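Asker: Supplied structure: target-v6.cif, mmCIF, C-alpha atoms and all ligand atoms.
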data_start
#
loop_
_atom_site.label_atom_id
_atom_site.label_comp_id
_atom_site.auth_asym_id
_atom_site.auth_seq_id
_atom_site.Cartn_x
_atom_site.Cartn_y
_atom_site.Cartn_z
CA MET A 1 27.93 21.97 -7.16
CA SER A 2 25.23 22.21 -4.50
CA MET A 3 21.64 21.62 -5.57
CA LYS A 4 18.41 22.88 -4.05
CA ILE A 5 14.98 21.60 -5.12
CA LEU A 6 11.48 22.91 -4.34
CA VAL A 7 8.69 20.28 -4.39
CA THR A 8 5.08 21.55 -4.20
CA PRO A 9 2.58 18.74 -5.09
CA THR A 10 1.28 17.63 -1.70
CA SER A 11 0.50 14.12 -2.96
CA PHE A 12 4.25 13.73 -3.65
CA LEU A 13 4.62 13.10 0.10
CA LYS A 14 2.37 10.00 0.02
CA PRO A 15 4.07 6.69 0.91
CA GLU A 16 3.90 5.60 -2.77
CA ASN A 17 6.61 8.15 -3.49
CA ALA A 18 9.07 7.03 -0.80
CA ALA A 19 11.56 5.78 -3.41
CA ALA A 20 11.30 8.92 -5.56
CA LYS A 21 11.67 11.13 -2.47
CA ALA A 22 14.76 9.19 -1.34
CA LYS A 23 16.26 9.46 -4.84
CA LEU A 24 15.70 13.22 -4.88
CA GLU A 25 17.15 13.70 -1.40
CA LEU A 26 20.23 11.67 -2.39
CA PHE A 27 20.73 13.86 -5.46
CA ALA A 28 20.07 17.27 -3.87
CA ASP A 29 21.74 18.99 -0.95
CA GLU A 30 18.46 20.58 0.11
CA VAL A 31 14.83 19.73 -0.70
CA VAL A 32 12.08 22.15 0.36
CA TYR A 33 8.55 20.69 0.53
CA ASN A 34 5.19 22.47 0.35
CA ASP A 35 4.21 23.17 3.96
CA LEU A 36 0.81 24.70 3.09
CA GLY A 37 -1.03 21.60 1.82
CA ARG A 38 -2.44 23.36 -1.28
CA PRO A 39 -1.14 24.92 -4.51
CA LEU A 40 1.04 27.97 -3.81
CA GLN A 41 0.19 31.60 -4.63
CA ALA A 42 2.72 33.75 -6.52
CA ASP A 43 4.24 35.31 -3.39
CA GLU A 44 4.42 31.91 -1.67
CA ILE A 45 6.30 30.44 -4.66
CA LEU A 46 8.77 33.32 -4.71
CA GLU A 47 9.38 33.10 -0.94
CA ARG A 48 10.47 29.48 -1.44
CA LEU A 49 12.47 29.87 -4.68
CA ASP A 50 15.58 31.49 -3.24
CA GLY A 51 18.61 29.55 -4.48
CA VAL A 52 16.40 26.84 -6.03
CA ASP A 53 17.81 24.98 -9.07
CA GLY A 54 14.86 22.68 -9.78
CA TYR A 55 11.14 23.03 -9.05
CA VAL A 56 8.87 19.95 -9.00
CA ALA A 57 5.59 21.77 -9.49
CA GLY A 58 2.05 20.83 -8.51
CA LEU A 59 -0.93 22.91 -9.59
CA ASP A 60 0.69 26.29 -8.76
CA TYR A 61 0.18 29.13 -11.27
CA ILE A 62 3.74 29.88 -12.43
CA THR A 63 3.02 33.13 -14.23
CA ALA A 64 5.25 35.38 -16.34
CA ASP A 65 5.56 37.69 -13.32
CA VAL A 66 6.73 34.84 -11.06
CA LEU A 67 9.22 33.72 -13.68
CA GLU A 68 10.52 37.23 -14.18
CA LYS A 69 11.20 37.50 -10.43
CA ALA A 70 12.53 33.91 -10.12
CA PRO A 71 16.22 33.58 -9.20
CA ALA A 72 18.77 32.94 -11.97
CA SER A 73 19.58 29.62 -10.26
CA LEU A 74 16.25 28.12 -11.48
CA LYS A 75 16.99 25.81 -14.43
CA VAL A 76 14.01 23.47 -14.61
CA ILE A 77 10.31 23.31 -13.76
CA SER A 78 9.32 19.65 -13.60
CA ARG A 79 5.52 19.47 -13.76
CA TYR A 80 4.12 16.62 -11.69
CA GLY A 81 1.36 15.71 -14.16
CA ALA A 82 0.41 16.11 -17.80
CA GLY A 83 -1.02 19.63 -18.04
CA VAL A 84 1.32 22.60 -18.38
CA ASP A 85 -1.35 25.29 -18.70
CA ARG A 86 -0.39 26.82 -15.34
CA VAL A 87 3.21 27.43 -16.43
CA ASP A 88 3.85 30.45 -18.65
CA MET A 89 5.85 28.54 -21.23
CA ALA A 90 6.96 31.61 -23.22
CA ALA A 91 8.31 33.31 -20.08
CA ALA A 92 10.08 30.12 -18.96
CA THR A 93 11.65 29.65 -22.39
CA ALA A 94 12.72 33.31 -22.55
CA LYS A 95 14.52 32.84 -19.23
CA GLY A 96 16.18 29.59 -20.35
CA ILE A 97 14.18 27.48 -17.88
CA LYS A 98 13.33 24.00 -19.15
CA VAL A 99 9.79 22.75 -18.54
CA THR A 100 9.06 19.01 -18.34
CA ASN A 101 5.91 16.95 -17.65
CA THR A 102 5.01 13.31 -16.93
CA PRO A 103 3.00 12.16 -19.96
CA GLY A 104 0.91 9.02 -19.60
CA THR A 105 1.60 8.53 -15.88
CA ASN A 106 -1.97 9.35 -14.85
CA SER A 107 -3.95 8.52 -17.99
CA VAL A 108 -5.59 5.35 -16.59
CA ALA A 109 -6.42 7.10 -13.32
CA VAL A 110 -8.10 10.01 -15.08
CA CYS A 111 -9.94 7.88 -17.63
CA GLU A 112 -11.28 5.66 -14.85
CA LEU A 113 -12.58 8.75 -13.02
CA ALA A 114 -14.18 10.01 -16.25
CA PHE A 115 -15.83 6.60 -16.59
CA ALA A 116 -16.98 6.70 -12.96
CA LEU A 117 -18.51 10.13 -13.56
CA MET A 118 -20.32 8.84 -16.68
CA LEU A 119 -21.78 5.93 -14.74
CA CYS A 120 -22.71 8.12 -11.76
CA ALA A 121 -24.45 10.63 -14.02
CA ALA A 122 -26.24 7.88 -15.98
CA ARG A 123 -27.67 6.44 -12.74
CA ASN A 124 -27.70 9.60 -10.59
CA VAL A 125 -25.63 7.79 -7.96
CA PRO A 126 -24.75 10.76 -5.68
CA LYS A 127 -28.41 11.80 -5.36
CA LEU A 128 -29.50 8.23 -4.55
CA HIS A 129 -26.72 7.90 -1.99
CA THR A 130 -27.79 11.13 -0.26
CA ALA A 131 -31.45 10.04 -0.28
CA VAL A 132 -30.65 6.68 1.35
CA GLU A 133 -28.48 8.46 3.96
CA LYS A 134 -31.57 10.55 4.77
CA GLY A 135 -33.76 7.44 5.19
CA GLU A 136 -35.49 7.76 1.80
CA TRP A 137 -35.84 4.93 -0.73
CA PRO A 138 -36.27 6.51 -4.23
CA ARG A 139 -35.83 3.58 -6.64
CA SER A 140 -35.20 5.95 -9.55
CA GLN A 141 -34.64 5.10 -13.18
CA GLY A 142 -31.47 5.90 -15.11
CA ILE A 143 -30.02 4.99 -18.49
CA GLU A 144 -27.50 2.38 -19.65
CA LEU A 145 -24.21 3.18 -21.35
CA ARG A 146 -24.70 0.16 -23.63
CA GLY A 147 -25.88 1.27 -27.06
CA LYS A 148 -25.18 4.97 -26.37
CA THR A 149 -22.73 7.13 -28.27
CA LEU A 150 -19.68 8.58 -26.54
CA GLY A 151 -17.94 11.56 -28.14
CA ILE A 152 -14.35 12.10 -27.05
CA VAL A 153 -12.80 15.53 -27.57
CA GLY A 154 -9.02 15.08 -27.45
CA MET A 155 -7.97 11.50 -28.14
CA GLY A 156 -4.55 11.51 -26.46
CA ALA A 157 -3.37 9.31 -23.60
CA ILE A 158 -6.54 9.72 -21.50
CA GLY A 159 -9.02 9.86 -24.39
CA LYS A 160 -7.65 6.61 -25.85
CA ASN A 161 -7.90 4.77 -22.53
CA LEU A 162 -11.48 5.97 -22.17
CA ALA A 163 -12.32 4.90 -25.73
CA ILE A 164 -11.16 1.32 -25.12
CA ARG A 165 -13.22 1.03 -21.92
CA ALA A 166 -16.32 2.55 -23.52
CA LYS A 167 -16.15 0.02 -26.37
CA ALA A 168 -16.10 -2.77 -23.78
CA PHE A 169 -19.35 -1.34 -22.38
CA GLY A 170 -21.02 -1.61 -25.79
CA MET A 171 -20.86 2.09 -26.65
CA THR A 172 -20.34 3.61 -30.08
CA VAL A 173 -17.25 5.80 -29.77
CA ASN A 174 -16.36 8.77 -31.97
CA ALA A 175 -13.57 11.27 -31.40
CA TYR A 176 -12.36 14.67 -32.54
CA ASP A 177 -8.67 15.46 -32.41
CA PRO A 178 -6.67 17.57 -34.90
CA TYR A 179 -3.88 14.98 -34.55
CA PHE A 180 -6.24 12.01 -34.82
CA ASP A 181 -4.48 8.64 -34.52
CA GLU A 182 -5.93 6.69 -37.46
CA ALA A 183 -4.13 3.43 -36.61
CA PHE A 184 -5.46 3.40 -33.03
CA ALA A 185 -8.96 4.29 -34.25
CA LYS A 186 -8.93 1.50 -36.84
CA GLU A 187 -7.69 -1.08 -34.38
CA ASN A 188 -10.32 -0.13 -31.78
CA GLY A 189 -13.31 0.76 -33.95
CA ILE A 190 -13.36 4.48 -33.11
CA GLY A 191 -15.02 6.89 -35.57
CA ARG A 192 -13.33 10.10 -36.70
CA LEU A 193 -15.59 13.18 -36.61
CA GLU A 194 -15.25 16.95 -36.62
CA LEU A 195 -15.98 18.73 -33.34
CA ASP A 196 -19.49 19.84 -34.33
CA GLU A 197 -20.35 16.29 -35.46
CA VAL A 198 -19.19 14.90 -32.12
CA LEU A 199 -21.34 17.43 -30.30
CA THR A 200 -24.50 16.79 -32.32
CA THR A 201 -24.35 12.99 -32.27
CA SER A 202 -23.23 12.07 -28.74
CA ASP A 203 -25.21 11.00 -25.69
CA PHE A 204 -22.08 11.42 -23.57
CA ILE A 205 -19.26 13.87 -24.32
CA SER A 206 -15.94 13.61 -22.49
CA LEU A 207 -13.27 16.33 -22.74
CA HIS A 208 -9.56 15.45 -22.75
CA VAL A 209 -7.83 18.43 -24.38
CA PRO A 210 -5.12 20.64 -22.89
CA LEU A 211 -6.22 24.13 -21.81
CA ASN A 212 -4.77 26.76 -24.14
CA ASP A 213 -5.96 29.72 -26.21
CA SER A 214 -7.64 27.43 -28.75
CA THR A 215 -9.54 25.33 -26.19
CA ARG A 216 -10.56 28.00 -23.64
CA HIS A 217 -14.39 27.93 -23.50
CA MET A 218 -14.49 25.57 -26.51
CA ILE A 219 -17.71 24.32 -24.88
CA ASP A 220 -19.80 27.50 -24.60
CA ALA A 221 -23.54 28.28 -24.92
CA GLU A 222 -23.41 27.97 -28.71
CA LYS A 223 -21.71 24.56 -28.63
CA ILE A 224 -24.05 23.30 -25.89
CA ALA A 225 -27.01 24.32 -28.08
CA GLU A 226 -25.68 21.96 -30.78
CA MET A 227 -25.70 18.98 -28.40
CA LYS A 228 -28.46 16.38 -28.17
CA ASP A 229 -31.13 17.22 -25.60
CA GLY A 230 -30.22 15.42 -22.37
CA ALA A 231 -26.55 14.95 -23.29
CA ILE A 232 -24.20 14.33 -20.37
CA VAL A 233 -20.87 16.20 -20.43
CA ILE A 234 -17.81 15.02 -18.51
CA ASN A 235 -14.81 17.28 -17.91
CA THR A 236 -11.77 15.83 -16.18
CA ALA A 237 -9.36 18.03 -18.21
CA ARG A 238 -9.30 21.67 -17.14
CA GLY A 239 -12.01 24.04 -15.89
CA GLY A 240 -11.54 26.77 -18.46
CA ILE A 241 -12.51 24.43 -21.30
CA ILE A 242 -16.21 24.70 -20.35
CA ASP A 243 -18.06 28.00 -19.88
CA GLU A 244 -19.40 27.11 -16.42
CA GLN A 245 -22.18 29.73 -16.45
CA ALA A 246 -23.47 28.41 -19.79
CA ALA A 247 -23.24 24.81 -18.57
CA ALA A 248 -25.15 25.62 -15.38
CA GLU A 249 -27.92 27.32 -17.37
CA ALA A 250 -28.13 24.34 -19.74
CA VAL A 251 -28.59 21.94 -16.82
CA LYS A 252 -31.23 24.21 -15.26
CA SER A 253 -33.18 24.39 -18.53
CA GLY A 254 -32.96 20.60 -19.02
CA LYS A 255 -30.92 20.97 -22.22
CA LEU A 256 -28.10 18.99 -20.58
CA GLY A 257 -28.92 15.79 -18.72
CA GLY A 258 -25.97 16.10 -16.39
CA LEU A 259 -22.38 17.11 -15.84
CA GLY A 260 -19.47 15.25 -14.28
CA LEU A 261 -16.69 17.68 -13.38
CA ASP A 262 -13.24 17.21 -11.86
CA ALA A 263 -11.69 20.53 -12.91
CA PHE A 264 -12.89 24.11 -12.49
CA GLU A 265 -12.05 27.64 -13.57
CA GLN A 266 -11.48 28.56 -9.90
CA GLU A 267 -10.18 25.84 -7.58
CA PRO A 268 -11.29 25.05 -4.97
CA LEU A 269 -14.91 25.47 -6.09
CA ILE A 270 -16.53 27.77 -3.52
CA ASP A 271 -19.30 29.90 -5.02
CA SER A 272 -20.50 28.58 -8.35
CA PRO A 273 -23.69 28.59 -10.43
CA LEU A 274 -23.03 24.85 -10.86
CA LYS A 275 -23.71 24.12 -7.20
CA GLY A 276 -27.07 22.82 -6.03
CA LEU A 277 -28.16 21.58 -9.46
CA ASP A 278 -29.67 18.20 -10.17
CA ASN A 279 -27.23 15.66 -11.65
CA VAL A 280 -24.15 17.85 -11.55
CA ILE A 281 -21.43 15.71 -9.97
CA PHE A 282 -18.19 17.14 -8.62
CA THR A 283 -14.83 15.72 -7.67
CA PRO A 284 -12.04 18.02 -6.36
CA HIS A 285 -9.43 17.79 -9.18
CA THR A 286 -8.67 14.30 -8.04
CA GLY A 287 -8.48 12.51 -11.40
CA ALA A 288 -4.78 11.76 -11.05
CA HIS A 289 -4.96 10.71 -7.42
CA THR A 290 -4.65 6.96 -7.42
CA ALA A 291 -1.77 5.18 -5.70
CA GLU A 292 -0.49 4.08 -9.10
CA ALA A 293 -0.64 7.50 -10.77
CA VAL A 294 0.83 9.35 -7.77
CA SER A 295 3.78 6.98 -7.85
CA GLY A 296 4.12 7.29 -11.64
CA MET A 297 4.01 11.10 -11.57
CA GLY A 298 6.44 11.27 -8.64
CA SER A 299 9.09 9.01 -10.08
CA MET A 300 8.99 10.57 -13.57
CA ALA A 301 8.98 14.14 -12.19
CA VAL A 302 12.05 13.32 -10.07
CA ASP A 303 13.83 11.60 -12.98
CA ASN A 304 13.10 14.64 -15.17
CA VAL A 305 14.46 17.21 -12.70
CA ILE A 306 17.58 15.13 -12.05
CA ALA A 307 18.21 14.54 -15.76
CA VAL A 308 17.99 18.24 -16.65
CA LEU A 309 20.12 19.37 -13.70
CA SER A 310 22.72 16.69 -14.51
CA GLY A 311 22.88 17.83 -18.14
CA LYS A 312 21.55 14.46 -19.34
CA GLU A 313 19.08 13.86 -22.15
CA CYS A 314 15.49 14.17 -20.87
CA PRO A 315 12.75 13.04 -23.28
CA HIS A 316 10.08 15.05 -21.48
CA VAL A 317 11.44 18.56 -22.01
CA LEU A 318 8.63 20.52 -23.71
CA ASN A 319 10.57 23.69 -24.62
CA LYS A 320 13.78 22.44 -26.20
N1 LIG B 401 -8.07 15.88 -13.72
C1 LIG B 401 -6.79 15.65 -13.61
O1 LIG B 401 -6.26 15.47 -12.55
C2 LIG B 401 -5.97 15.59 -14.87
C3 LIG B 401 -4.90 14.67 -14.91
C4 LIG B 401 -4.19 14.57 -16.10
C5 LIG B 401 -4.45 15.40 -17.17
N2 LIG B 401 -5.45 16.30 -17.05
C6 LIG B 401 -5.74 17.20 -18.19
O2 LIG B 401 -6.09 16.39 -19.30
C7 LIG B 401 -5.42 16.87 -20.47
C8 LIG B 401 -5.19 15.71 -21.41
O3 LIG B 401 -4.28 14.82 -20.83
P1 LIG B 401 -3.60 13.65 -21.71
O4 LIG B 401 -2.65 12.97 -20.80
O5 LIG B 401 -4.63 12.86 -22.42
O6 LIG B 401 -2.79 14.55 -22.75
P2 LIG B 401 -2.32 14.17 -24.22
O7 LIG B 401 -1.36 15.24 -24.61
O8 LIG B 401 -1.90 12.76 -24.29
O9 LIG B 401 -3.66 14.32 -25.09
C9 LIG B 401 -4.26 15.53 -25.42
C10 LIG B 401 -4.88 15.37 -26.80
O10 LIG B 401 -5.65 16.54 -27.07
C11 LIG B 401 -5.49 16.82 -28.46
N3 LIG B 401 -5.87 18.20 -28.71
C12 LIG B 401 -5.13 19.32 -28.56
N4 LIG B 401 -5.85 20.41 -28.89
C13 LIG B 401 -7.08 19.94 -29.27
C14 LIG B 401 -8.27 20.57 -29.73
N5 LIG B 401 -8.33 21.90 -29.87
N6 LIG B 401 -9.33 19.80 -30.02
C15 LIG B 401 -9.27 18.45 -29.88
N7 LIG B 401 -8.17 17.80 -29.48
C16 LIG B 401 -7.09 18.54 -29.16
C17 LIG B 401 -4.04 16.49 -28.75
O11 LIG B 401 -3.82 16.30 -30.14
C18 LIG B 401 -3.85 15.24 -27.93
O12 LIG B 401 -4.09 14.08 -28.69
C19 LIG B 401 -4.13 17.49 -19.92
O13 LIG B 401 -3.65 18.52 -20.77
C20 LIG B 401 -4.54 18.02 -18.57
O14 LIG B 401 -4.92 19.38 -18.66
C21 LIG B 401 -6.22 16.42 -15.95
O1 LIG B 402 -1.05 17.65 -9.70
C1 LIG B 402 -2.11 17.01 -9.62
O2 LIG B 402 -2.55 16.64 -8.56
C2 LIG B 402 -2.93 16.71 -10.84
C3 LIG B 402 -2.17 16.82 -12.11
C4 LIG B 402 -3.08 16.80 -13.30
O3 LIG B 402 -3.99 17.83 -13.30
C5 LIG B 402 -2.25 16.80 -14.55
O4 LIG B 402 -2.17 17.82 -15.21
O5 LIG B 402 -1.70 15.73 -14.86
#
Starting from the file, lay out its structure as structure tokens.
Ligand SMILES: NC(=O)c1ccc[n+]([C@@H]2O[C@H](COP(=O)([O-])OP(=O)(O)OC[C@H]3O[C@@H](n4cnc5c(N)ncnc54)[C@H](O)[C@@H]3O)[C@@H](O)[C@H]2O)c1
Ligand SMILES: O=C(O)CC[C@@H](O)C(=O)O

Answerer:
Amino acid sequence: MSMKILVTPTSFLKPENAAAKAKLELFADEVVYNDLGRPLQADEILERLDGVDGYVAGLDYITADVLEKAPASLKVISRYGAGVDRVDMAAATAKGIKVTNTPGTNSVAVCELAFALMLCAARNVPKLHTAVEKGEWPRSQGIELRGKTLGIVGMGAIGKNLAIRAKAFGMTVNAYDPYFDEAFAKENGIGRLELDEVLTTSDFISLHVPLNDSTRHMIDAEKIAEMKDGAIVINTARGGIIDEQAAAEAVKSGKLGGLGLDAFEQEPLIDSPLKGLDNVIFTPHTGAHTAEAVSGMGSMAVDNVIAVLSGKECPHVLNK
């Protein structure tokens, strides 16, 4: 039977994925790559789905409407990454399309970026860099992570990696997660708190939850008001988890001491109340983009699509 695969994450075409690309091209009769260099819009997905059996998906929004119009040949959406918030899971399931992801493949990459954002916000690194570029020499004062409290919201693969690194920096680490891993917490000296307790006691708060109906805007004006004055909030998860307007106002008023953000409600970030504020640090949804994580996501996403299309057991199917 002939197989056609659509591959849309542009970082899949990096040299680190040469082996995964070769494996896919050996398996499939035709592989169509993203020629636009960015996530695809609905009409752009549909234009490329004709006769496609498997779809290795980047950060495209695969809505119910797209899935309804998708050809009957489509059997599997293999997310290249952890988050599946941009795939309408109910619509995929209703159409018999399996959805897989690549858990754990980018957790070190993302936690290291979260840590970088914490350090940059603590020492205002981007502002100092810009000042030196301009010929200024502002030998400003920041704060240390040592002795501070980090609150982690969502202690899964990324949250756990962050917790271990924060402990090594001499931080007190507490976490909120409805599926809290007691054994990991005991072994690593992590405190278990409710969400409100994390918010009221932390100097740094880092978000690592999936975006869904229960986490959308979980950090809003009311929750920010509960935080310590000067708290620094890091979000490398998904944009919709923070109410960006409320966060911008809290930075302007001095309630928040800073923000480190890798994910946004609208990407790319063009017009935003968050822009132009002191100690708000942006990265362009690049948490997973290390050589190691790109290779990990690519090889697992390819293995997943091949396993499902070959009728083999695939441990990463999310809608069995
Ligand atoms: N910036 C990036 O490039 C990037 C890369 C990878 C993942 N992500 C995002 O980060 C998220 C987390 O990734 P992960 O690999 O750690 O996933 P994971 O599934 O290992 O961990 C998520 C954790 O969140 C917990 N959780 C779920 N709902 C919660 C809630 N309401 N409150 C508190 N905790 C809750 C879960 O129990 C789980 O332990 C992903 O869903 C994805 O959206 C972003
Ligand atoms: O596709 C990417 O580049 C990032 C993926 C990341 O957001 C994830 O959900 O793991």

Asker: For the point (2.7, 22.2, -1.1) in the file's frame, write as a PDB file with C-alpha atoms, in the coordinates of the input all residues with an atom no more than 10 Å away, counting only C-alpha atoms.

Answerer:
ATOM      1  CA  LEU A   6      11.480  22.910  -4.340  1.00  0.00           C
ATOM      2  CA  VAL A   7       8.690  20.280  -4.390  1.00  0.00           C
ATOM      3  CA  THR A   8       5.080  21.550  -4.200  1.00  0.00           C
ATOM      4  CA  PRO A   9       2.580  18.740  -5.090  1.00  0.00           C
ATOM      5  CA  THR A  10       1.280  17.630  -1.700  1.00  0.00           C
ATOM      6  CA  SER A  11       0.500  14.120  -2.960  1.00  0.00           C
ATOM      7  CA  PHE A  12       4.250  13.730  -3.650  1.00  0.00           C
ATOM      8  CA  LEU A  13       4.620  13.100   0.100  1.00  0.00           C
ATOM      9  CA  VAL A  32      12.080  22.150   0.360  1.00  0.00           C
ATOM     10  CA  TYR A  33       8.550  20.690   0.530  1.00  0.00           C
ATOM     11  CA  ASN A  34       5.190  22.470   0.350  1.00  0.00           C
ATOM     12  CA  ASP A  35       4.210  23.170   3.960  1.00  0.00           C
ATOM     13  CA  LEU A  36       0.810  24.700   3.090  1.00  0.00           C
ATOM     14  CA  GLY A  37      -1.030  21.600   1.820  1.00  0.00           C
ATOM     15  CA  ARG A  38      -2.440  23.360  -1.280  1.00  0.00           C
ATOM     16  CA  PRO A  39      -1.140  24.920  -4.510  1.00  0.00           C
ATOM     17  CA  LEU A  40       1.040  27.970  -3.810  1.00  0.00           C
ATOM     18  CA  GLU A  44       4.420  31.910  -1.670  1.00  0.00           C
ATOM     19  CA  ILE A  45       6.300  30.440  -4.660  1.00  0.00           C
ATOM     20  CA  ALA A  57       5.590  21.770  -9.490  1.00  0.00           C
ATOM     21  CA  GLY A  58       2.050  20.830  -8.510  1.00  0.00           C
ATOM     22  CA  LEU A  59      -0.930  22.910  -9.590  1.00  0.00           C
ATOM     23  CA  ASP A  60       0.690  26.290  -8.760  1.00  0.00           C
TER      24      ASP A  60
END

Asker: Within 7 Å of ligand LIG 401 (chain B) (counting only C-alpha atoms and all ligand atoms), which residues show up? I'd like them as an NGL selection string.

Answerer: :A and (81-85 or 103-104 or 106-107 or 110 or 153-159 or 176-180 or 208-211 or 214-215 or 236-238 or 262-263 or 285-288)

Asker: Might you pull out every residue within 12 Å of Leu117 (chain A), with all atoms listed in the file counted and same-chain residues fewer than 3 positions away left off, and present them as a short mmCIF file (atom, residue, chain, number, x, y, z; two decimals) with C-alpha atoms, keeping the file's coordinate frame?

Answerer:
data_model
loop_
_atom_site.label_atom_id
_atom_site.label_comp_id
_atom_site.auth_asym_id
_atom_site.auth_seq_id
_atom_site.Cartn_x
_atom_site.Cartn_y
_atom_site.Cartn_z
CA VAL A 110 -8.10 10.01 -15.08
CA CYS A 111 -9.94 7.88 -17.63
CA GLU A 112 -11.28 5.66 -14.85
CA LEU A 113 -12.58 8.75 -13.02
CA ALA A 114 -14.18 10.01 -16.25
CA CYS A 120 -22.71 8.12 -11.76
CA ALA A 121 -24.45 10.63 -14.02
CA ALA A 122 -26.24 7.88 -15.98
CA ARG A 123 -27.67 6.44 -12.74
CA ASN A 124 -27.70 9.60 -10.59
CA VAL A 125 -25.63 7.79 -7.96
CA PRO A 126 -24.75 10.76 -5.68
CA LEU A 145 -24.21 3.18 -21.35
CA LEU A 162 -11.48 5.97 -22.17
CA PHE A 204 -22.08 11.42 -23.57
CA ILE A 205 -19.26 13.87 -24.32
CA SER A 206 -15.94 13.61 -22.49
CA ILE A 232 -24.20 14.33 -20.37
CA VAL A 233 -20.87 16.20 -20.43
CA ILE A 234 -17.81 15.02 -18.51
CA ASN A 235 -14.81 17.28 -17.91
CA THR A 236 -11.77 15.83 -16.18
CA GLY A 258 -25.97 16.10 -16.39
CA LEU A 259 -22.38 17.11 -15.84
CA GLY A 260 -19.47 15.25 -14.28
CA LEU A 261 -16.69 17.68 -13.38
CA ASP A 262 -13.24 17.21 -11.86
CA ASN A 279 -27.23 15.66 -11.65
CA VAL A 280 -24.15 17.85 -11.55
CA ILE A 281 -21.43 15.71 -9.97
CA PHE A 282 -18.19 17.14 -8.62
CA THR A 283 -14.83 15.72 -7.67
CA GLY A 287 -8.48 12.51 -11.40
#

Asker: Between CA of Ala70 (chain A) and CA of Gly51 (chain A), what is the spacing in Å?

Answerer: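 Distance reported for this atom pair: 9.4 Å.
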
Asker: Work out how far atom C4 of ligand LIG 402 (chain B) is from CA of Gly257 (chain A), in Å to one decimal.

Answerer: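 Interatomic distance here is 26.4 Å.
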
Asker: What's the separation between CA of Leu128 (chain A) and CA of Ser272 (chain A), in Å to one decimal place?

Answerer: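 Between CA of Leu128 (chain A) and CA of Ser272 (chain A) the gap works out to 22.6 Å.
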
Asker: May I ask which of the residues A:Ser202, A:Ser78, A:Thr63, A:Asn17 is the closest one to Leu46 (chain A), counting all atoms listed in the file?

Answerer: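 Distance minimum relative to Leu46 (chain A) lands on A:Thr63.
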
Asker: May I ask which of the residues A:Arg139, A:Arg86, A:Lys4, A:Lys14 is the closest one to Val294 (chain A), counting all atoms listed in the file?

Answerer: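 Looking only at the distances to Val294 (chain A), the closest residue turns out to be A:Lys14.
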
Asker: For ligand LIG 402 (chain B), which residue out of A:Thr290, A:Thr200, A:Asn161, A:Ser73 is the nearest one, using all atoms listed in the file?

Answerer: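 With all atoms listed in the file as the atom set, the closest residue is A:Thr290.
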
Asker: Using only C-alpha atoms and all ligand atoms for the distances, tell me which of A:Ala116, A:Val108, A:Val305, A:Ala64 is nearest to ligand LIG 402 (chain B).

Answerer: A:Val108

Asker: Quick one: of A:Phe115, A:Leu195, A:His289, A:Asp50, who's nearest to Ala168 (chain A), counting all atoms listed in the file?

Answerer: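 For Ala168 (chain A), the nearest of the candidates is A:Phe115.
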
Asker: Might you pull out every residue within 10 Å of Thr149 (chain A), with all atoms listed in the file counted and same-chain residues fewer than 2 positions away left off, and present them as number ranges by chain?

Answerer: A: 145-147, 151-152, 166-167, 170-174, 198, 201-205

Asker: Ranking A:Ala246, A:Cys314, A:Val52, A:Ala92 by minimum distance to Ala301 (chain A) and counting all atoms listed in the file, which one comes first?

Answerer: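 The shortest atom-to-atom distance to Ala301 (chain A) comes from A:Cys314.
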
Asker: Tell me, as a list in words, which residues lie within 10 Å of Ile306 (chain A), counting only C-alpha atoms; anything in the same chain fewer than 3 positions away does not count.

Answerer: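 So, after excluding close chain neighbours, the residues are Ile5, Lys23, Leu24, Phe27, Ala28, Gly54, Val76, Ser78, Met300, Ala301, Val302, Asp303, Leu309, Ser310, Gly311, Lys312 and Cys314 of chain A.
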
Asker: With N, CA, C and O atoms as the target, complete region 90-95 of chain A and hand it back as a short mmCIF file (atom, residue, chain, number, x, y, z; two decimals), keeping the file's coordinate frame.

Answerer:
data_model
loop_
_atom_site.label_atom_id
_atom_site.label_comp_id
_atom_site.auth_asym_id
_atom_site.auth_seq_id
_atom_site.Cartn_x
_atom_site.Cartn_y
_atom_site.Cartn_z
N ALA A 90 6.15 30.61 -22.49
CA ALA A 90 6.96 31.61 -23.22
C ALA A 90 7.93 32.28 -22.25
O ALA A 90 9.12 32.46 -22.58
N ALA A 91 7.44 32.63 -21.05
CA ALA A 91 8.31 33.31 -20.08
C ALA A 91 9.41 32.37 -19.60
O ALA A 91 10.56 32.79 -19.42
N ALA A 92 9.06 31.09 -19.40
CA ALA A 92 10.08 30.12 -18.96
C ALA A 92 11.14 29.97 -20.04
O ALA A 92 12.35 29.99 -19.75
N THR A 93 10.71 29.84 -21.28
CA THR A 93 11.65 29.65 -22.39
C THR A 93 12.55 30.88 -22.52
O THR A 93 13.77 30.75 -22.69
N ALA A 94 11.94 32.07 -22.41
CA ALA A 94 12.72 33.31 -22.55
C ALA A 94 13.81 33.37 -21.49
O ALA A 94 14.89 33.93 -21.72
N LYS A 95 13.54 32.78 -20.32
CA LYS A 95 14.52 32.84 -19.23
C LYS A 95 15.46 31.63 -19.23
O LYS A 95 16.27 31.45 -18.33
#
